[in-house]
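Coordinates as given in query.csv (CSV, C-alpha atoms):
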chain,number,residue,atom,x,y,z
G,691,MET,CA,-32.1,-7.8,3.5
G,692,ASP,CA,-32.6,-11.4,4.6
G,693,LEU,CA,-30.7,-12.6,1.5
G,694,ILE,CA,-27.7,-10.5,2.5
G,695,GLU,CA,-27.8,-11.8,6.1
G,696,LYS,CA,-27.9,-15.4,4.8
G,697,GLN,CA,-25.0,-14.7,2.5
G,698,LEU,CA,-23.0,-13.3,5.4
G,699,MET,CA,-23.9,-16.2,7.6
G,700,HIS,CA,-22.7,-18.7,5.0
G,701,ALA,CA,-19.6,-16.8,4.0
G,702,PRO,CA,-16.3,-18.6,4.8
G,703,ARG,CA,-14.8,-17.5,8.1
G,704,ASN,CA,-11.1,-16.9,8.4
G,705,ASN,CA,-10.9,-16.6,12.2
G,706,ARG,CA,-8.0,-19.0,12.4
G,707,TYR,CA,-6.0,-17.1,9.7
G,708,ILE,CA,-6.8,-13.8,11.4
G,709,LEU,CA,-5.7,-15.2,14.8
G,710,ILE,CA,-2.4,-16.5,13.4
G,711,VAL,CA,-1.6,-13.3,11.7
G,712,SER,CA,-2.5,-11.2,14.8
G,713,VAL,CA,-0.3,-13.4,17.0
G,714,LEU,CA,2.7,-13.1,14.5
G,715,VAL,CA,2.3,-9.3,14.2
G,716,THR,CA,2.1,-9.0,18.0
G,717,VAL,CA,5.2,-11.1,18.6
G,718,LEU,CA,7.2,-9.2,16.0
G,719,PHE,CA,6.1,-5.9,17.4
G,720,LEU,CA,7.2,-6.9,21.0
G,721,TRP,CA,10.5,-8.4,19.6
G,722,SER,CA,11.2,-5.1,17.8
G,723,PHE,CA,11.3,-3.3,21.2
G,724,SER,CA,14.6,-5.1,21.9
G,725,ALA,CA,16.2,-2.5,19.6
G,726,VAL,CA,15.1,0.3,21.8
G,727,ASN,CA,17.7,1.0,24.5
G,728,LEU,CA,17.3,4.4,26.2
G,729,GLU,CA,20.3,3.6,28.5
G,730,ASN,CA,22.6,4.4,25.5
G,731,VAL,CA,21.2,8.0,25.3
G,732,GLU,CA,23.7,10.1,27.2
G,733,GLU,CA,23.1,13.5,28.7
G,734,SER,CA,25.2,15.0,26.0
G,735,GLY,CA,22.9,13.6,23.4
G,736,TRP,CA,19.9,15.5,24.9
G,737,ILE,CA,22.0,18.7,24.9
G,738,ILE,CA,22.9,18.3,21.3
G,739,ALA,CA,19.2,17.7,20.4
G,740,THR,CA,18.3,20.9,22.3
G,741,ASN,CA,21.1,22.8,20.5
G,742,ILE,CA,19.7,21.6,17.1
G,743,LEU,CA,16.3,22.9,18.0
G,744,GLN,CA,17.7,26.2,19.1
G,745,GLY,CA,19.6,26.4,15.8
G,746,ILE,CA,16.4,26.0,13.9
G,747,VAL,CA,14.7,28.7,16.0
G,748,THR,CA,17.7,31.1,15.7
G,749,PRO,CA,19.3,30.3,12.3
G,750,ASP,CA,22.3,32.0,10.6
G,751,LEU,CA,20.3,34.3,8.3
G,752,GLU,CA,23.5,35.4,6.5
G,753,LEU,CA,24.2,31.8,5.5
G,754,LEU,CA,20.6,31.1,4.7
G,755,LEU,CA,20.2,34.1,2.3
G,756,ASN,CA,23.7,34.0,0.9
G,757,VAL,CA,23.7,33.6,-2.9
G,758,THR,CA,27.4,32.6,-3.2
G,759,THR,CA,28.6,29.0,-3.7
G,760,GLN,CA,29.0,28.7,0.1
G,761,GLY,CA,25.4,29.7,0.8
G,762,VAL,CA,22.4,27.5,1.5
G,763,LEU,CA,20.5,28.7,-1.6
G,764,TYR,CA,23.3,27.5,-3.9
G,765,LEU,CA,23.5,24.1,-2.1
G,766,LEU,CA,19.8,23.6,-2.4
G,767,VAL,CA,19.9,24.4,-6.1
G,768,GLU,CA,22.7,21.9,-6.5
G,769,THR,CA,20.7,19.3,-4.7
G,770,ILE,CA,17.7,19.9,-7.0
G,771,ALA,CA,20.0,19.6,-10.0
G,772,ILE,CA,21.4,16.3,-8.8
G,773,ALA,CA,17.9,14.9,-8.1
G,774,PHE,CA,16.4,16.2,-11.4
G,775,LEU,CA,19.2,15.0,-13.7
G,776,GLY,CA,19.5,11.7,-11.9
G,777,THR,CA,15.7,11.2,-12.2
G,778,ILE,CA,15.7,12.0,-15.9
G,779,ILE,CA,18.5,9.5,-16.7
G,780,GLY,CA,17.0,6.8,-14.5
G,781,ALA,CA,13.5,7.3,-16.0
G,782,LEU,CA,14.8,7.0,-19.6
G,783,LEU,CA,16.9,3.9,-18.8
G,784,ALA,CA,14.0,2.3,-17.0
G,785,ILE,CA,11.7,2.4,-20.0
G,786,PRO,CA,13.3,-0.3,-22.1
G,787,LEU,CA,13.9,-2.4,-19.0
G,788,ALA,CA,10.2,-2.1,-18.1
G,789,PHE,CA,9.1,-3.4,-21.5
G,790,LEU,CA,11.6,-6.3,-21.2
G,791,SER,CA,10.0,-7.0,-17.8
G,792,ALA,CA,6.4,-7.0,-19.0
G,793,SER,CA,5.2,-10.6,-19.6
G,794,ASN,CA,2.5,-9.3,-22.0
G,795,VAL,CA,5.2,-7.8,-24.2
G,796,VAL,CA,8.2,-10.3,-24.2
G,797,PRO,CA,8.4,-14.0,-23.5
G,798,LYS,CA,8.1,-15.0,-19.8
G,799,PRO,CA,11.8,-16.2,-19.5
G,800,VAL,CA,13.1,-12.8,-20.7
G,801,ALA,CA,10.7,-11.0,-18.3
G,802,PHE,CA,11.8,-13.2,-15.4
G,803,ILE,CA,15.5,-12.5,-16.0
G,804,THR,CA,15.0,-8.8,-16.4
G,805,ARG,CA,12.9,-8.6,-13.2
G,806,LEU,CA,15.7,-10.5,-11.3
G,807,PHE,CA,18.2,-7.9,-12.6
G,808,LEU,CA,15.9,-5.0,-11.3
G,809,ILE,CA,15.5,-6.7,-8.0
G,810,PHE,CA,19.2,-6.9,-7.6
G,811,ILE,CA,19.5,-3.1,-8.4
G,812,ARG,CA,16.9,-2.3,-5.7
G,813,THR,CA,18.5,-4.4,-3.0
G,814,VAL,CA,21.6,-2.2,-2.7
G,815,PRO,CA,21.1,1.0,-0.6
G,816,ALA,CA,21.7,4.4,-2.1
G,817,LEU,CA,24.6,5.2,0.3
G,818,VAL,CA,26.4,2.1,-0.9
G,819,TYR,CA,26.0,3.1,-4.5
G,820,GLY,CA,27.2,6.6,-3.5
G,821,LEU,CA,30.4,5.3,-1.9
G,822,MET,CA,31.0,3.1,-5.0
G,823,PHE,CA,30.6,6.0,-7.5
G,824,ILE,CA,32.7,8.3,-5.4
G,825,ARG,CA,35.6,5.8,-5.8
G,826,VAL,CA,35.1,5.9,-9.5
G,827,THR,CA,34.4,9.6,-10.2
G,828,GLY,CA,35.7,11.2,-7.1
G,829,PRO,CA,33.6,13.2,-4.6
G,830,GLY,CA,31.1,15.7,-6.1
G,831,PRO,CA,27.7,16.1,-7.7
G,832,PHE,CA,28.5,13.8,-10.6
G,833,ALA,CA,28.7,10.8,-8.2
G,834,GLY,CA,25.4,11.9,-6.8
G,835,VAL,CA,23.7,12.1,-10.2
G,836,LEU,CA,24.9,8.6,-11.1
G,837,THR,CA,23.7,7.2,-7.8
G,838,ILE,CA,20.3,8.8,-8.1
G,839,ALA,CA,20.0,7.5,-11.7
G,840,LEU,CA,20.8,4.0,-10.7
G,841,ILE,CA,18.5,3.8,-7.7
G,842,SER,CA,15.7,5.3,-9.7
G,843,ILE,CA,15.9,2.6,-12.4
G,844,GLY,CA,14.7,-0.3,-10.1
G,845,MET,CA,11.6,1.4,-8.7
G,846,LEU,CA,10.6,3.3,-11.9
G,847,ALA,CA,10.9,0.1,-14.0
G,848,LYS,CA,8.8,-1.8,-11.5
G,849,LEU,CA,6.0,0.8,-11.6
G,850,TYR,CA,6.3,1.2,-15.4
G,851,VAL,CA,5.7,-2.6,-15.7
G,852,ASP,CA,2.5,-2.3,-13.8
G,853,ALA,CA,1.3,0.3,-16.2
G,854,ILE,CA,2.4,-1.6,-19.2
G,855,GLU,CA,0.6,-4.8,-18.1
G,856,ASP,CA,-2.6,-2.8,-17.5
G,857,LEU,CA,-2.7,-1.6,-21.1
G,858,ASP,CA,-6.0,-1.8,-22.9
G,859,THR,CA,-5.0,-4.4,-25.6
G,860,SER,CA,-8.4,-4.0,-27.4
G,861,ILE,CA,-7.2,-0.7,-28.9
G,862,LEU,CA,-4.1,-2.5,-30.3
G,863,GLU,CA,-6.3,-5.3,-31.7
G,864,SER,CA,-8.5,-2.7,-33.4
G,865,MET,CA,-5.5,-0.9,-34.9
G,866,THR,CA,-4.2,-4.2,-36.2
G,867,SER,CA,-7.6,-5.0,-37.9
G,868,ILE,CA,-7.4,-1.7,-39.8
G,869,GLY,CA,-3.9,-2.3,-41.0
G,870,CYS,CA,-1.8,-0.2,-38.7
G,871,ASN,CA,1.9,-1.0,-38.6
G,872,THR,CA,4.0,-1.5,-35.4
G,873,PHE,CA,5.2,2.2,-35.3
G,874,GLU,CA,1.6,3.5,-35.6
G,875,LYS,CA,0.4,1.1,-32.9
G,876,ILE,CA,3.2,2.3,-30.6
G,877,ARG,CA,2.6,6.0,-31.5
G,878,TYR,CA,-1.1,6.1,-31.3
G,879,GLY,CA,-2.1,3.0,-29.2
G,880,ILE,CA,0.6,2.6,-26.6
G,881,VAL,CA,2.2,6.0,-26.0
G,882,PRO,CA,-1.1,7.9,-25.3
G,883,GLN,CA,-2.0,5.3,-22.6
G,884,LEU,CA,1.4,5.3,-20.9
G,885,PHE,CA,2.7,8.8,-21.3
G,886,ALA,CA,0.7,10.5,-18.5
G,887,MET,CA,1.2,7.5,-16.1
G,888,PHE,CA,5.0,7.4,-16.8
G,889,LEU,CA,5.3,11.1,-16.2
G,890,SER,CA,3.3,10.9,-13.0
G,891,ILE,CA,5.5,8.1,-11.8
G,892,MET,CA,8.7,10.0,-12.7
G,893,ILE,CA,7.5,13.1,-10.8
G,894,TYR,CA,6.8,11.0,-7.7
G,895,ARG,CA,10.3,9.5,-8.0
G,896,PHE,CA,11.8,13.0,-8.3
G,897,ASP,CA,10.1,13.9,-5.0
G,898,MET,CA,11.8,10.9,-3.4
G,899,ASN,CA,15.1,11.5,-5.1
G,900,LEU,CA,15.3,15.0,-3.6
G,901,ARG,CA,15.5,13.5,-0.2
G,902,GLU,CA,18.0,10.9,-1.4
G,903,ALA,CA,20.2,13.6,-2.9
G,904,SER,CA,20.2,15.4,0.5
G,905,ILE,CA,21.4,12.3,2.3
G,906,LEU,CA,24.0,11.4,-0.4
G,907,GLY,CA,25.9,14.6,0.5
G,908,LEU,CA,26.8,12.9,3.8
G,909,VAL,CA,29.2,10.6,1.8
G,910,GLY,CA,30.5,13.4,-0.4
G,911,ALA,CA,28.2,13.0,-3.4
G,912,GLY,CA,27.4,16.7,-3.6
G,913,GLY,CA,24.4,18.7,-2.5
G,914,VAL,CA,23.5,20.1,0.9
G,915,GLY,CA,24.3,17.0,3.0
G,916,ALA,CA,28.0,17.5,3.3
G,917,PRO,CA,27.9,21.0,4.7
G,918,LEU,CA,25.2,19.8,7.1
G,919,ILE,CA,27.4,17.1,8.6
G,920,PHE,CA,30.4,19.4,8.7
G,921,ALA,CA,28.4,22.0,10.6
G,922,MET,CA,27.1,19.4,13.0
G,923,ASN,CA,30.6,18.0,13.7
G,924,ALA,CA,31.9,21.5,14.3
G,925,TYR,CA,28.9,22.3,16.7
G,926,ARG,CA,27.9,25.3,14.6
G,927,TRP,CA,24.2,24.9,15.4
G,928,THR,CA,23.0,28.2,13.8
G,929,GLU,CA,24.4,26.9,10.5
G,930,VAL,CA,22.8,23.6,11.1
G,931,GLY,CA,19.5,25.4,11.7
G,932,SER,CA,19.9,27.4,8.5
G,933,ILE,CA,20.5,24.3,6.3
G,934,LEU,CA,17.6,22.4,7.9
G,935,ILE,CA,15.2,25.3,7.4
G,936,GLY,CA,16.2,25.6,3.7
G,937,LEU,CA,15.9,21.9,3.2
G,938,MET,CA,12.5,21.7,4.8
G,939,VAL,CA,11.2,24.6,2.8
G,940,LEU,CA,12.6,23.1,-0.4
G,941,ILE,CA,11.1,19.7,0.2
G,942,LEU,CA,7.7,21.2,1.1
G,943,LEU,CA,7.6,23.3,-2.1
G,944,VAL,CA,8.6,20.4,-4.3
G,945,GLU,CA,6.1,18.1,-2.7
G,946,LEU,CA,3.3,20.5,-3.2
G,947,PHE,CA,4.3,21.1,-6.8
G,948,SER,CA,4.7,17.4,-7.5
G,949,ASN,CA,1.3,16.5,-5.9
G,950,HIS,CA,-0.4,19.1,-8.0
G,951,MET,CA,1.3,17.9,-11.2
G,952,ARG,CA,0.5,14.2,-10.6
G,953,THR,CA,-3.1,15.0,-9.8
G,954,LYS,CA,-3.4,16.9,-13.1
G,955,LEU,CA,-1.8,14.1,-15.1
G,956,VAL,CA,-3.9,11.3,-13.5
G,957,LYS,CA,-7.2,13.1,-13.5
G,958,GLY,CA,-6.7,15.3,-16.5
As structure tokens, what does this structure read like?
Amino acid sequence: MDLIEKQLMHAPRNNRYILIVSVLVTVLFLWSFSAVNLENVEESGWIIATNILQGIVTPDLELLLNVTTQGVLYLLVETIAIAFLGTIIGALLAIPLAFLSASNVVPKPVAFITRLFLIFIRTVPALVYGLMFIRVTGPGPFAGVLTIALISIGMLAKLYVDAIEDLDTSILESMTSIGCNTFEKIRYGIVPQLFAMFLSIMIYRFDMNLREASILGLVGAGGVGAPLIFAMNAYRWTEVGSILIGLMVLILLVELFSNHMRTKLVKG
């Protein structure tokens, strides 16, 4: 016990560093309050907030349970389809980019250039990509799929790189010593280590993309977002409540499912 106390007494103290960081965080926190201006909140804003809550409590059940293309159920299925297909495309395209970004796989200049490209992809917000693709493909789900795929590439490739750089290279060295070729090393040495991790990352991204797909509907990229903004602009609060309830239930179910799947993949 005395040895531990002596080690703690002689451990380097970072009081100055902690003080500087604390001051900076405090200043930034206080400065951030300059963005809060309650004077701009008009009385009508509080009325609209109350109406939205009332719409959630008393939703339009006919719209919520409608199975036609105008119903909430169809819009939610369309949102899932956009998020799912976009995630799959983005996940597949991210794999080669991830290997090109891994410094333990390719030369460092190649890895550096590829990482810069991925950083550029991540800097553009999803709504901006959505507006760009709508100009190219026109409004609809296809623009949403392309947007989800593109925004997924940057994050997925970054997380894939972390998994690739944590590979157990001793396995590959052992396989080389017994005469395995490159395909065999990839098939039996790399894929088993990365498959579960890649799939877990992809499921996590799908969970996020479901929310992104909902937002993209606001700019006309398909899904449940467009009917939501139209209902709000028309002050149809029961319809707003129906859409919000369906969206909340969908996201809750998908999150529970994705958490269960990722736990199974990581822990086995």
Tell me which protein, DNA and RNA residues are within 9 Å of segment 789-805 of chain G, counting only C-alpha atoms, leaving out same-chain ones fewer than 2 positions away, and put them as a list in words.
->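 In the requested form, the answer reads Ala784, Ile785, Pro786, Leu787, Phe807, Leu808, Ile809, Phe810, Ala847, Lys848, Tyr850, Val851, Asp852, Ile854 and Glu855 of chain G.
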As a check of understanding: the span from atom CA of Ile811 of chain G to atom CA of Val835 of chain G is 15.9 Å
re atom CA of Leu940 of chain G and atom CA of Leu900 of chain G: distance 9.1 Å
Close residues, Lys954 of chain G itself excluded, 12 Å, all atoms listed in the file, min 5 positions apart in chain, as a PDB file with C-alpha atoms, in the frame of the given file:
ATOM      1  CA  ALA G 886       0.700  10.500 -18.500  1.00  0.00           C
ATOM      2  CA  MET G 887       1.200   7.500 -16.100  1.00  0.00           C
ATOM      3  CA  LEU G 889       5.300  11.100 -16.200  1.00  0.00           C
ATOM      4  CA  SER G 890       3.300  10.900 -13.000  1.00  0.00           C
ATOM      5  CA  ILE G 893       7.500  13.100 -10.800  1.00  0.00           C
ATOM      6  CA  PHE G 947       4.300  21.100  -6.800  1.00  0.00           C
ATOM      7  CA  SER G 948       4.700  17.400  -7.500  1.00  0.00           C
ATOM      8  CA  ASN G 949       1.300  16.500  -5.900  1.00  0.00           C
TER       9      ASN G 949
END
Between atom CA of Phe823 of chain G and atom CA of Val944 of chain G, what is the distance, to one decimal in Å?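 Computing the Euclidean distance for atom CA of Phe823 of chain G and atom CA of Val944 of chain G yields 26.5 Å.
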Margin query: Show me, as an NGL selection string, the residues that have an atom within 8 Å of Leu846 of chain G when counting all atoms listed in the file, minus same-chain residues fewer than 4 positions from it.
Written below: :G and (780-781 or 784 or 842 or 850 or 891-892 or 895)
Would you mind listing what lies within 10 Å of Leu763 of chain G as an mmCIF file with C-alpha atoms, in the frame of the given file, with only C-alpha atoms counted and same-chain residues fewer than 6 positions away left out?
data_model
loop_
_atom_site.group_PDB
_atom_site.id
_atom_site.type_symbol
_atom_site.label_atom_id
_atom_site.label_comp_id
_atom_site.auth_asym_id
_atom_site.auth_seq_id
_atom_site.Cartn_x
_atom_site.Cartn_y
_atom_site.Cartn_z
ATOM 1 C CA LEU G 753 24.200 31.800 5.500
ATOM 2 C CA LEU G 754 20.600 31.100 4.700
ATOM 3 C CA LEU G 755 20.200 34.100 2.300
ATOM 4 C CA ASN G 756 23.700 34.000 0.900
ATOM 5 C CA VAL G 757 23.700 33.600 -2.900
ATOM 6 C CA THR G 769 20.700 19.300 -4.700
ATOM 7 C CA VAL G 914 23.500 20.100 0.900
ATOM 8 C CA ILE G 933 20.500 24.300 6.300
ATOM 9 C CA GLY G 936 16.200 25.600 3.700
ATOM 10 C CA LEU G 937 15.900 21.900 3.200
ATOM 11 C CA LEU G 940 12.600 23.100 -0.400
#
Fewer than 6 positions away in the same chain doesn't count, so skip those; otherwise give me all residues within 12 Å of Ile738 of chain G, counting only C-alpha atoms, as number ranges by chain. G: 731-732, 744-745, 922-927, 930
- Task: Check the smallest atom-to-atom distance from each of G:Ala853, G:Gly915, G:Met898, G:Pro882 to Glu945 of chain G using only C-alpha atoms, then report the winner.
- Result: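 Nearest to Glu945 of chain G: G:Met898.
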If you count only C-alpha atoms, the residue of G:Met845, G:Ile941, G:Ile778, G:Ile905 closest to Ile919 of chain G turns out to be G:Ile905
Determine the nearest neighbour of Ala816 of chain G from the options G:Glu902, G:Asp856, G:Asp750, G:Glu768, counting all atoms listed in the file.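 Smallest distance to Ala816 of chain G is found for G:Glu902.
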Open item on the list: Given all atoms listed in the file as the basis, pick out the residue of G:Asn899, G:Thr827, G:Gln760, G:Ser712 nearest to Ala839 of chain G.
Closed with: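 For Ala839 of chain G, the nearest of the given residues is G:Asn899.
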ask   = Restricting the calculation to all atoms listed in the file, which member of G:Thr953, G:Thr928, G:Ser864, G:Gln883 is positioned closest to Pro749 of chain G?
value =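 Checking each candidate against Pro749 of chain G, we get G:Thr928 as the closest.
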Using all atoms listed in the file, the residue out of G:Ala788, G:Val713, G:Leu840, G:Ile861 with shortest distance to Thr813 of chain G is G:Leu840
